[in-house]
Amino acid sequence: MNTTFKRQLWLCLCLLATITASAQQISKADLIFLTPEWKGERFDDGRPKVPDALLKRMKLVTLEEAWAVLRNENYKYQYADGWVTINPDSVLVGRALTATFMPGRPDIHRVLDKKGHEKDGRIKSQNSWPVDMLVKGDVYVVDQFGAHVDGPTIGDNLGNSIFTKSGNGIVYDGAIRDINGLKEIGGFTSFFRTYHPSHHLNNPDGALNTTLVGINQPTRIGMATVMPGDVVLGRDGGVLFIPPHLAEQVVKVSEIVRLRDMFGHQRLREQKYTAGQIDTRWSDEIEKDFSQWLNEHIDELPVPKEQIQELLKTRTW
């Protein structure tokens with residue numbers, strides 16, 4: 001038995017043990033193990049807790065800026081598109097709380113249901129279990145295997161609960177229902193695959209469409225790998241899942257790009273420099289002018305003053 005196969009077998013056994021031990025939810029130890037590069041605060045269950053202040057700054061980051069940072073760090077599979085949206089002109093930012101559904105299978109569904117009800121004290125249906133765990137600043141990220149007819153687990157009732165608990169919307173790889181009711185929830189900025197008026201059925205002794213197999217487990221959304229605690233950035237029809245340890249870098253790079261663009265555009269309108277001078281590596285003269293411009297406009301710019309001061313400390317022009 002070769003080393004690669006042994007490791008794959010070990011990982012499968014670990015995941016199976018996790019599901020058996022905690023009814024779909026990953027253990028704190030395993031979640032910390034799988035997110036070793038995050039050195040900041042965590043929730044009680046081990047999920048990385050990117051600070052609220054950083055999430056607020058993330059709302060001005062473009063997909064292009066974030067994607068470039070992730071690509072440069074060799075994170076190639078963090079983007080998913082092809083969505084239908086609610087509030088398409090708004091920006092969705094928050095920490096991922098993940099759920100993974102699979103096509104309904106009675107034997108698995110029964111044992112998970114039993115454990116959830118008897119040992120974990122969960123009295124509702126499985127589709128509400130992850131929702132009950134949401135807190136402010138979370139985004140509910142769901143792999144619903146693209147289910148369409150008889151697939152929706154989210155309608156306006158669950159949508160209102162999600163928004164009340166998280167203050168956010170969803171990234172949902174499947175169909176939703178009650179779309180008119182969901183649109184009435186003002187800040188429910190959401191990304192989903194399709195709409196269908198049907199709903200999922202979860203009776204293991206009758207009609208069973210879906211089974212919840214993972215809560216806060218690694219999951220897949222389109223061609224993106226998503227970890228619990230990833231920062232979700234949804235805007236302009238696409239969604240990026242940013243590893244928590246890269247969130248601050250993404251924000252800082254975005255802010256620098258934003259400031260340089262503002263300065264460059266202003267100087268072009270003033271005809272102080274040519275497009276060729278701005279589009280290429282800046283000369284020492286332009287860099288010096290940029291530093292002076294930052295100082296002069298520090299209270300007017302769309303970047304926190306303390307961040308501009310930190311940037312100026314690192315500049316030699």
# chains A, B, ... in the order shown; residues from 1 in each chain; ligands from 1

call {"tool": "select_by_dssp", "arguments": {"residues": "range 102-302 of chain A", "states": "strand (DSSP E)", "output": "ChimeraX atom specification"}}
result
/A:102-103,138-143,170-176,190-195,210-215,219-221,224-226,231-235,238-242

call {"tool": "write_last_selection", "arguments": {"atoms": "N, CA and C atoms", "output": "short mmCIF file (atom, residue, chain, number, x, y, z; two decimals), in the first residue's frame"}}
result
data_model
loop_
_atom_site.label_atom_id
_atom_site.label_comp_id
_atom_site.auth_asym_id
_atom_site.auth_seq_id
_atom_site.Cartn_x
_atom_site.Cartn_y
_atom_site.Cartn_z
N MET A 102 -26.56 16.10 0.45
CA MET A 102 -26.44 15.13 -0.62
C MET A 102 -27.84 14.60 -0.95
N PRO A 103 -28.00 13.98 -2.11
CA PRO A 103 -29.31 13.38 -2.41
C PRO A 103 -29.74 12.44 -1.29
N ASP A 138 -21.99 36.21 9.82
CA ASP A 138 -21.83 34.96 9.08
C ASP A 138 -22.51 35.05 7.71
N VAL A 139 -22.07 34.19 6.80
CA VAL A 139 -22.77 33.94 5.55
C VAL A 139 -23.02 32.44 5.47
N TYR A 140 -24.25 32.06 5.25
CA TYR A 140 -24.61 30.65 5.14
C TYR A 140 -24.24 30.17 3.73
N VAL A 141 -23.26 29.27 3.65
CA VAL A 141 -22.72 28.76 2.39
C VAL A 141 -23.12 27.29 2.27
N VAL A 142 -23.90 26.98 1.25
CA VAL A 142 -24.54 25.66 1.18
C VAL A 142 -24.24 24.97 -0.15
N ASP A 143 -23.70 23.76 -0.05
CA ASP A 143 -23.58 22.88 -1.22
C ASP A 143 -24.85 22.03 -1.26
N ILE A 170 -27.11 34.53 1.62
CA ILE A 170 -26.64 33.16 1.44
C ILE A 170 -25.82 33.03 0.16
N VAL A 171 -24.99 32.00 0.12
CA VAL A 171 -24.43 31.48 -1.12
C VAL A 171 -24.91 30.04 -1.19
N TYR A 172 -25.78 29.75 -2.15
CA TYR A 172 -26.56 28.52 -2.12
C TYR A 172 -26.48 27.82 -3.47
N ASP A 173 -25.75 26.72 -3.52
CA ASP A 173 -25.54 25.99 -4.77
C ASP A 173 -26.71 25.05 -5.01
N GLY A 174 -27.86 25.66 -5.35
CA GLY A 174 -29.08 24.91 -5.58
C GLY A 174 -30.21 25.88 -5.83
N ALA A 175 -31.46 25.37 -5.77
CA ALA A 175 -32.63 26.20 -6.02
C ALA A 175 -33.23 26.69 -4.71
N ILE A 176 -33.76 27.92 -4.73
CA ILE A 176 -34.52 28.44 -3.60
C ILE A 176 -35.99 28.52 -3.99
N SER A 190 -28.02 37.80 -1.77
CA SER A 190 -27.84 36.35 -1.87
C SER A 190 -27.47 35.92 -3.28
N PHE A 191 -26.78 34.78 -3.35
CA PHE A 191 -26.36 34.17 -4.60
C PHE A 191 -26.86 32.72 -4.59
N PHE A 192 -27.59 32.34 -5.64
CA PHE A 192 -28.14 30.99 -5.72
C PHE A 192 -28.18 30.58 -7.18
N ARG A 193 -28.44 29.30 -7.44
CA ARG A 193 -28.35 28.79 -8.81
C ARG A 193 -29.65 28.95 -9.60
N THR A 194 -30.78 28.59 -8.99
CA THR A 194 -32.04 28.61 -9.71
C THR A 194 -33.18 28.87 -8.73
N TYR A 195 -34.36 29.04 -9.29
CA TYR A 195 -35.59 29.15 -8.50
C TYR A 195 -36.53 28.02 -8.89
N THR A 210 -33.25 15.20 0.28
CA THR A 210 -31.92 15.66 0.71
C THR A 210 -31.55 15.09 2.07
N THR A 211 -30.26 14.93 2.28
CA THR A 211 -29.72 14.54 3.59
C THR A 211 -28.53 15.44 3.91
N LEU A 212 -28.55 16.04 5.08
CA LEU A 212 -27.47 16.92 5.51
C LEU A 212 -26.31 16.07 6.04
N VAL A 213 -25.18 16.09 5.34
CA VAL A 213 -24.05 15.24 5.74
C VAL A 213 -22.89 16.02 6.35
N GLY A 214 -22.93 17.36 6.28
CA GLY A 214 -21.81 18.11 6.82
C GLY A 214 -22.20 19.49 7.30
N ILE A 215 -21.76 19.85 8.50
CA ILE A 215 -21.92 21.20 9.04
C ILE A 215 -20.53 21.70 9.40
N THR A 219 -16.16 22.19 2.10
CA THR A 219 -17.18 21.88 1.10
C THR A 219 -16.78 22.48 -0.24
N ARG A 220 -17.54 22.14 -1.27
CA ARG A 220 -17.26 22.63 -2.62
C ARG A 220 -18.44 23.42 -3.13
N ILE A 221 -18.17 24.62 -3.63
CA ILE A 221 -19.18 25.44 -4.27
C ILE A 221 -18.70 25.71 -5.70
N ALA A 224 -14.96 25.97 -6.45
CA ALA A 224 -14.25 26.59 -5.32
C ALA A 224 -14.27 25.67 -4.11
N THR A 225 -13.14 25.62 -3.41
CA THR A 225 -13.06 24.92 -2.13
C THR A 225 -13.32 25.92 -1.02
N VAL A 226 -14.24 25.60 -0.13
CA VAL A 226 -14.64 26.53 0.93
C VAL A 226 -14.41 25.90 2.29
N VAL A 231 -13.61 34.13 4.36
CA VAL A 231 -14.34 35.38 4.15
C VAL A 231 -15.02 35.32 2.78
N VAL A 232 -16.33 35.47 2.79
CA VAL A 232 -17.11 35.46 1.56
C VAL A 232 -17.16 36.88 1.01
N LEU A 233 -16.80 37.03 -0.26
CA LEU A 233 -16.92 38.30 -0.95
C LEU A 233 -17.77 38.08 -2.19
N GLY A 234 -19.02 38.50 -2.13
CA GLY A 234 -19.93 38.32 -3.24
C GLY A 234 -20.36 39.66 -3.81
N ARG A 235 -20.12 39.85 -5.10
CA ARG A 235 -20.51 41.10 -5.75
C ARG A 235 -20.41 40.93 -7.27
N GLY A 238 -20.37 37.44 -8.99
CA GLY A 238 -19.41 36.39 -8.63
C GLY A 238 -19.17 36.33 -7.14
N VAL A 239 -18.62 35.21 -6.69
CA VAL A 239 -18.31 35.02 -5.27
C VAL A 239 -16.90 34.49 -5.12
N LEU A 240 -16.14 35.11 -4.24
CA LEU A 240 -14.81 34.63 -3.86
C LEU A 240 -14.83 34.20 -2.41
N PHE A 241 -14.12 33.10 -2.12
CA PHE A 241 -13.99 32.60 -0.76
C PHE A 241 -12.53 32.78 -0.35
N ILE A 242 -12.28 33.72 0.54
CA ILE A 242 -10.93 34.15 0.87
C ILE A 242 -10.47 33.46 2.15
#

call {"tool": "residues_around", "arguments": {"residues": "Ile286 in chain A", "least_positions_apart": "2", "cutoff": "12 Å", "atoms": "only C-alpha atoms", "output": "list in words"}}
result
Arg260, Phe263, Gly264, Arg267, Lys272, Tyr273, Thr274, Gln277, Ile278, Asp279, Thr280, Arg281, Trp282, Ser283, Asp284, Lys288, Asp289, Phe290, Ser291, Gln292, Trp293 and Trp317 of chain A

call {"tool": "select_by_dssp", "arguments": {"residues": "range 90-216 of chain A", "states": "helix (DSSP H, G or I)", "output": "JSON, numbers by chain"}}
result
{"A": [106, 107, 108, 109, 110, 111, 112, 113, 114, 115, 116, 117, 118, 126, 127, 128, 129, 130, 131, 132, 156, 157, 158, 159, 160, 161, 162, 163, 164, 165, 166, 179, 180, 181, 182, 183]}

call {"tool": "write_last_selection", "arguments": {"atoms": "N, CA and C atoms", "output": "mmCIF file, in the first residue's frame"}}
result
data_model
loop_
_atom_site.group_PDB
_atom_site.id
_atom_site.type_symbol
_atom_site.label_atom_id
_atom_site.label_comp_id
_atom_site.auth_asym_id
_atom_site.auth_seq_id
_atom_site.Cartn_x
_atom_site.Cartn_y
_atom_site.Cartn_z
ATOM 1 N N PRO A 106 -32.040 7.119 2.932
ATOM 2 C CA PRO A 106 -32.768 6.854 4.174
ATOM 3 C C PRO A 106 -31.916 6.352 5.329
ATOM 4 N N ASP A 107 -30.994 5.404 5.091
ATOM 5 C CA ASP A 107 -30.258 4.826 6.213
ATOM 6 C C ASP A 107 -29.374 5.868 6.901
ATOM 7 N N ILE A 108 -28.677 6.679 6.085
ATOM 8 C CA ILE A 108 -27.836 7.728 6.664
ATOM 9 C C ILE A 108 -28.707 8.778 7.350
ATOM 10 N N HIS A 109 -29.785 9.144 6.695
ATOM 11 C CA HIS A 109 -30.670 10.177 7.239
ATOM 12 C C HIS A 109 -31.216 9.771 8.610
ATOM 13 N N ARG A 110 -31.625 8.513 8.746
ATOM 14 C CA ARG A 110 -32.212 8.055 10.009
ATOM 15 C C ARG A 110 -31.227 8.168 11.166
ATOM 16 N N VAL A 111 -29.998 7.679 10.956
ATOM 17 C CA VAL A 111 -29.063 7.678 12.089
ATOM 18 C C VAL A 111 -28.639 9.097 12.451
ATOM 19 N N LEU A 112 -28.478 9.974 11.446
ATOM 20 C CA LEU A 112 -28.121 11.360 11.740
ATOM 21 C C LEU A 112 -29.272 12.084 12.417
ATOM 22 N N ASP A 113 -30.478 11.813 11.968
ATOM 23 C CA ASP A 113 -31.666 12.380 12.608
ATOM 24 C C ASP A 113 -31.756 11.950 14.067
ATOM 25 N N LYS A 114 -31.552 10.655 14.298
ATOM 26 C CA LYS A 114 -31.663 10.116 15.661
ATOM 27 C C LYS A 114 -30.655 10.749 16.585
ATOM 28 N N LYS A 115 -29.412 10.829 16.128
ATOM 29 C CA LYS A 115 -28.387 11.428 16.978
ATOM 30 C C LYS A 115 -28.648 12.905 17.209
ATOM 31 N N GLY A 116 -29.066 13.600 16.151
ATOM 32 C CA GLY A 116 -29.343 15.020 16.296
ATOM 33 C C GLY A 116 -30.449 15.285 17.296
ATOM 34 N N HIS A 117 -31.474 14.452 17.283
ATOM 35 C CA HIS A 117 -32.604 14.644 18.175
ATOM 36 C C HIS A 117 -32.314 14.162 19.590
ATOM 37 N N GLU A 118 -31.701 12.985 19.713
ATOM 38 C CA GLU A 118 -31.539 12.368 21.036
ATOM 39 C C GLU A 118 -30.311 12.865 21.785
ATOM 40 N N GLN A 126 -33.472 18.727 9.675
ATOM 41 C CA GLN A 126 -32.037 18.891 9.457
ATOM 42 C C GLN A 126 -31.680 20.209 8.771
ATOM 43 N N ASN A 127 -32.509 20.687 7.858
ATOM 44 C CA ASN A 127 -32.131 21.889 7.117
ATOM 45 C C ASN A 127 -32.052 23.128 8.006
ATOM 46 N N SER A 128 -32.622 23.058 9.203
ATOM 47 C CA SER A 128 -32.549 24.204 10.120
ATOM 48 C C SER A 128 -31.354 24.120 11.073
ATOM 49 N N TRP A 129 -30.699 22.968 11.172
ATOM 50 C CA TRP A 129 -29.615 22.819 12.145
ATOM 51 C C TRP A 129 -28.466 23.792 11.910
ATOM 52 N N PRO A 130 -27.945 23.917 10.694
ATOM 53 C CA PRO A 130 -26.870 24.893 10.508
ATOM 54 C C PRO A 130 -27.353 26.326 10.722
ATOM 55 N N VAL A 131 -28.586 26.620 10.339
ATOM 56 C CA VAL A 131 -29.124 27.977 10.486
ATOM 57 C C VAL A 131 -29.140 28.383 11.954
ATOM 58 N N ASP A 132 -29.449 27.442 12.828
ATOM 59 C CA ASP A 132 -29.477 27.732 14.264
ATOM 60 C C ASP A 132 -28.102 28.128 14.802
ATOM 61 N N ASP A 156 -38.943 31.724 2.275
ATOM 62 C CA ASP A 156 -38.955 32.995 3.002
ATOM 63 C C ASP A 156 -38.937 32.819 4.517
ATOM 64 N N ASN A 157 -39.467 31.711 5.049
ATOM 65 C CA ASN A 157 -39.407 31.510 6.500
ATOM 66 C C ASN A 157 -37.968 31.303 6.969
ATOM 67 N N LEU A 158 -37.279 30.341 6.346
ATOM 68 C CA LEU A 158 -35.894 30.090 6.737
ATOM 69 C C LEU A 158 -35.023 31.294 6.374
ATOM 70 N N GLY A 159 -35.356 31.969 5.274
ATOM 71 C CA GLY A 159 -34.606 33.155 4.882
ATOM 72 C C GLY A 159 -34.667 34.243 5.929
ATOM 73 N N ASN A 160 -35.848 34.460 6.500
ATOM 74 C CA ASN A 160 -35.977 35.455 7.567
ATOM 75 C C ASN A 160 -35.167 35.067 8.795
ATOM 76 N N SER A 161 -35.145 33.770 9.108
ATOM 77 C CA SER A 161 -34.344 33.307 10.241
ATOM 78 C C SER A 161 -32.857 33.520 9.984
ATOM 79 N N ILE A 162 -32.416 33.195 8.762
ATOM 80 C CA ILE A 162 -31.012 33.384 8.405
ATOM 81 C C ILE A 162 -30.609 34.844 8.545
ATOM 82 N N PHE A 163 -31.449 35.739 8.019
ATOM 83 C CA PHE A 163 -31.119 37.160 8.056
ATOM 84 C C PHE A 163 -31.141 37.708 9.484
ATOM 85 N N THR A 164 -32.088 37.251 10.286
ATOM 86 C CA THR A 164 -32.176 37.711 11.669
ATOM 87 C C THR A 164 -30.935 37.316 12.452
ATOM 88 N N LYS A 165 -30.452 36.099 12.238
ATOM 89 C CA LYS A 165 -29.300 35.616 12.995
ATOM 90 C C LYS A 165 -27.973 36.181 12.487
ATOM 91 N N SER A 166 -27.840 36.327 11.177
ATOM 92 C CA SER A 166 -26.540 36.682 10.598
ATOM 93 C C SER A 166 -26.440 38.123 10.116
ATOM 94 N N ILE A 179 -39.275 33.224 -3.715
ATOM 95 C CA ILE A 179 -38.335 34.281 -4.065
ATOM 96 C C ILE A 179 -38.911 35.673 -3.822
ATOM 97 N N ASN A 180 -40.221 35.857 -3.999
ATOM 98 C CA ASN A 180 -40.806 37.172 -3.741
ATOM 99 C C ASN A 180 -40.706 37.548 -2.269
ATOM 100 N N GLY A 181 -40.948 36.565 -1.397
ATOM 101 C CA GLY A 181 -40.816 36.820 0.038
ATOM 102 C C GLY A 181 -39.376 37.105 0.438
ATOM 103 N N LEU A 182 -38.426 36.413 -0.192
ATOM 104 C CA LEU A 182 -37.012 36.642 0.120
ATOM 105 C C LEU A 182 -36.569 38.035 -0.325
ATOM 106 N N LYS A 183 -37.125 38.504 -1.443
ATOM 107 C CA LYS A 183 -36.765 39.835 -1.925
ATOM 108 C C LYS A 183 -37.262 40.930 -0.988
#

call {"tool": "residues_around", "arguments": {"residues": "Met262 in chain A", "least_positions_apart": "6", "cutoff": "12 Å", "atoms": "only C-alpha atoms", "output": "list in words"}}
result
Glu255, Ile256, Leu268, Arg269, Ile278, Phe290, Trp293, Leu294, His297, Glu300, Leu301, Pro302 and Val303 of chain A

call {"tool": "write_last_selection", "arguments": {"atoms": "all heavy atoms", "output": "short mmCIF file (atom, residue, chain, number, x, y, z; two decimals), in the first residue's frame"}}
result
data_model
loop_
_atom_site.label_atom_id
_atom_site.label_comp_id
_atom_site.auth_asym_id
_atom_site.auth_seq_id
_atom_site.Cartn_x
_atom_site.Cartn_y
_atom_site.Cartn_z
N GLU A 255 -6.77 48.52 -0.81
CA GLU A 255 -6.75 49.93 -0.39
C GLU A 255 -5.62 50.70 -1.08
O GLU A 255 -5.80 51.85 -1.48
CB GLU A 255 -6.64 50.01 1.13
CG GLU A 255 -7.91 49.56 1.84
CD GLU A 255 -7.78 49.48 3.34
OE1 GLU A 255 -6.64 49.50 3.85
OE2 GLU A 255 -8.82 49.38 4.01
N ILE A 256 -4.48 50.06 -1.22
CA ILE A 256 -3.36 50.71 -1.92
C ILE A 256 -3.72 50.95 -3.39
O ILE A 256 -3.50 52.04 -3.93
CB ILE A 256 -2.08 49.86 -1.81
CG1 ILE A 256 -1.58 49.85 -0.36
CG2 ILE A 256 -0.99 50.40 -2.72
CD1 ILE A 256 -0.45 48.87 -0.11
N LEU A 268 -4.34 62.73 -14.04
CA LEU A 268 -4.62 62.66 -15.49
C LEU A 268 -5.62 63.74 -15.89
O LEU A 268 -5.48 64.38 -16.94
CB LEU A 268 -5.14 61.27 -15.87
CG LEU A 268 -4.10 60.15 -15.87
CD1 LEU A 268 -4.79 58.81 -16.05
CD2 LEU A 268 -3.07 60.37 -16.98
N ARG A 269 -6.67 63.93 -15.06
CA ARG A 269 -7.64 64.97 -15.36
C ARG A 269 -6.99 66.36 -15.31
O ARG A 269 -7.37 67.26 -16.07
CB ARG A 269 -8.81 64.90 -14.37
CG ARG A 269 -9.72 63.69 -14.56
CD ARG A 269 -11.00 63.82 -13.75
NE ARG A 269 -10.74 63.87 -12.32
CZ ARG A 269 -10.69 62.83 -11.53
NH1 ARG A 269 -10.89 61.60 -12.04
NH2 ARG A 269 -10.47 62.96 -10.24
N ILE A 278 1.46 57.25 -16.00
CA ILE A 278 0.65 56.65 -14.94
C ILE A 278 0.52 55.14 -15.12
O ILE A 278 0.47 54.38 -14.14
CB ILE A 278 -0.74 57.31 -14.89
CG1 ILE A 278 -0.62 58.77 -14.43
CG2 ILE A 278 -1.68 56.56 -13.95
CD1 ILE A 278 -0.06 58.95 -13.02
N PHE A 290 2.67 61.42 -4.90
CA PHE A 290 1.62 60.56 -4.32
C PHE A 290 1.64 60.63 -2.80
O PHE A 290 0.60 60.77 -2.15
CB PHE A 290 1.81 59.13 -4.81
CG PHE A 290 0.83 58.14 -4.25
CD1 PHE A 290 -0.54 58.35 -4.30
CD2 PHE A 290 1.29 56.96 -3.66
CE1 PHE A 290 -1.44 57.43 -3.78
CE2 PHE A 290 0.40 56.03 -3.15
CZ PHE A 290 -0.96 56.26 -3.20
N TRP A 293 0.24 63.88 -1.74
CA TRP A 293 -1.22 63.86 -1.96
C TRP A 293 -1.93 63.10 -0.84
O TRP A 293 -2.99 63.54 -0.37
CB TRP A 293 -1.48 63.24 -3.32
CG TRP A 293 -2.92 63.13 -3.72
CD1 TRP A 293 -3.70 64.09 -4.30
CD2 TRP A 293 -3.75 61.96 -3.59
NE1 TRP A 293 -4.95 63.60 -4.55
CE2 TRP A 293 -5.01 62.30 -4.12
CE3 TRP A 293 -3.55 60.68 -3.08
CZ2 TRP A 293 -6.07 61.39 -4.15
CZ3 TRP A 293 -4.59 59.78 -3.11
CH2 TRP A 293 -5.84 60.13 -3.63
N LEU A 294 -1.36 61.98 -0.40
CA LEU A 294 -1.95 61.22 0.70
C LEU A 294 -2.02 62.06 1.96
O LEU A 294 -3.04 62.07 2.67
CB LEU A 294 -1.13 59.94 0.96
CG LEU A 294 -1.22 58.82 -0.06
CD1 LEU A 294 -0.23 57.71 0.27
CD2 LEU A 294 -2.63 58.24 -0.13
N HIS A 297 -4.76 64.82 1.72
CA HIS A 297 -6.16 64.39 1.61
C HIS A 297 -6.51 63.27 2.60
O HIS A 297 -7.54 62.62 2.43
CB HIS A 297 -6.45 63.92 0.19
CG HIS A 297 -6.26 64.97 -0.86
ND1 HIS A 297 -7.21 65.91 -1.18
CD2 HIS A 297 -5.18 65.26 -1.64
CE1 HIS A 297 -6.76 66.71 -2.12
NE2 HIS A 297 -5.53 66.35 -2.43
N GLU A 300 -10.04 62.77 3.80
CA GLU A 300 -11.09 62.75 2.79
C GLU A 300 -11.16 61.42 2.03
O GLU A 300 -12.11 61.19 1.28
CB GLU A 300 -10.86 63.87 1.76
CG GLU A 300 -10.61 65.24 2.37
CD GLU A 300 -9.98 66.21 1.38
OE1 GLU A 300 -9.97 65.87 0.17
OE2 GLU A 300 -9.49 67.26 1.80
N LEU A 301 -10.19 60.57 2.22
CA LEU A 301 -10.06 59.38 1.38
C LEU A 301 -10.89 58.21 1.90
O LEU A 301 -11.11 58.09 3.11
CB LEU A 301 -8.58 58.99 1.28
CG LEU A 301 -7.68 60.06 0.64
CD1 LEU A 301 -6.21 59.69 0.78
CD2 LEU A 301 -8.05 60.24 -0.84
N PRO A 302 -11.31 57.30 1.02
CA PRO A 302 -12.17 56.16 1.40
C PRO A 302 -11.38 54.99 1.98
O PRO A 302 -11.69 53.82 1.70
CB PRO A 302 -12.82 55.79 0.07
CG PRO A 302 -11.79 56.10 -0.96
CD PRO A 302 -11.12 57.35 -0.45
N VAL A 303 -10.37 55.31 2.77
CA VAL A 303 -9.55 54.32 3.47
C VAL A 303 -9.33 54.86 4.88
O VAL A 303 -9.10 56.06 5.05
CB VAL A 303 -8.19 54.12 2.75
CG1 VAL A 303 -7.26 53.24 3.57
CG2 VAL A 303 -8.41 53.50 1.37
#

call {"tool": "residues_around", "arguments": {"residues": "range 43-56 of chain A", "least_positions_apart": "3", "cutoff": "8 Å", "atoms": "only C-alpha atoms", "output": "list of chain:residue names"}}
result
A:Ser27, A:Lys28, A:Ala29, A:Leu31, A:Ile32, A:Thr35, A:Trp38, A:Gly40, A:Lys59, A:Val93, A:Gly94, A:Arg95, A:Gly137, A:Pro228, A:Gly229, A:Asp230, A:Val231, A:Pro244, A:Ala247, A:Glu248, A:Val251

call {"tool": "closest_residue", "arguments": {"among": "A:Lys313, A:Lys76, A:His199, A:His245", "to": "Ala147 in chain A", "atoms": "only C-alpha atoms"}}
result
A:His199

call {"tool": "residues_around", "arguments": {"residues": "Asn209 in chain A", "least_positions_apart": "3", "cutoff": "8 Å", "atoms": "only C-alpha atoms", "output": "list in words"}}
result
Pro103, Gly104, Asp150, Gly151, His200, Leu201 and Asn202 of chain A

call {"tool": "write_last_selection", "arguments": {"atoms": "all heavy atoms", "output": "CSV table (one decimal), in the first residue's frame"}}
result
chain,number,residue,atom,x,y,z
A,103,PRO,N,-28.0,14.0,-2.1
A,103,PRO,CA,-29.3,13.4,-2.4
A,103,PRO,C,-29.7,12.4,-1.3
A,103,PRO,O,-28.9,11.7,-0.7
A,103,PRO,CB,-29.1,12.6,-3.7
A,103,PRO,CG,-27.9,13.4,-4.4
A,103,PRO,CD,-27.1,13.8,-3.2
A,104,GLY,N,-31.0,12.5,-0.9
A,104,GLY,CA,-31.5,11.8,0.2
A,104,GLY,C,-31.2,10.3,0.2
A,104,GLY,O,-31.4,9.6,-0.8
A,150,ASP,N,-37.9,19.8,-6.4
A,150,ASP,CA,-38.0,19.2,-5.1
A,150,ASP,C,-36.6,19.4,-4.3
A,150,ASP,O,-36.3,18.6,-3.4
A,150,ASP,CB,-38.3,17.7,-5.2
A,150,ASP,CG,-39.7,17.5,-5.7
A,150,ASP,OD1,-40.6,18.4,-5.5
A,150,ASP,OD2,-39.9,16.5,-6.3
A,151,GLY,N,-35.9,20.4,-4.7
A,151,GLY,CA,-34.6,20.6,-4.0
A,151,GLY,C,-34.5,21.7,-3.0
A,151,GLY,O,-33.8,21.6,-2.0
A,200,HIS,N,-38.0,20.8,-0.7
A,200,HIS,CA,-37.4,19.5,-0.4
A,200,HIS,C,-38.3,18.7,0.6
A,200,HIS,O,-39.1,19.3,1.3
A,200,HIS,CB,-36.0,19.7,0.2
A,200,HIS,CG,-36.0,19.9,1.7
A,200,HIS,ND1,-36.6,21.0,2.3
A,200,HIS,CD2,-35.5,19.1,2.7
A,200,HIS,CE1,-36.4,20.9,3.6
A,200,HIS,NE2,-35.8,19.8,3.9
A,201,LEU,N,-38.1,17.4,0.6
A,201,LEU,CA,-38.8,16.5,1.5
A,201,LEU,C,-37.8,15.7,2.3
A,201,LEU,O,-36.8,15.3,1.7
A,201,LEU,CB,-39.8,15.6,0.7
A,201,LEU,CG,-40.9,16.3,-0.1
A,201,LEU,CD1,-41.6,15.3,-1.1
A,201,LEU,CD2,-41.9,17.0,0.8
A,202,ASN,N,-38.0,15.5,3.5
A,202,ASN,CA,-37.0,14.9,4.4
A,202,ASN,C,-37.6,13.8,5.3
A,202,ASN,O,-37.2,13.7,6.4
A,202,ASN,CB,-36.3,16.0,5.2
A,202,ASN,CG,-37.3,16.7,6.2
A,202,ASN,OD1,-38.5,16.5,6.1
A,202,ASN,ND2,-36.7,17.5,7.1
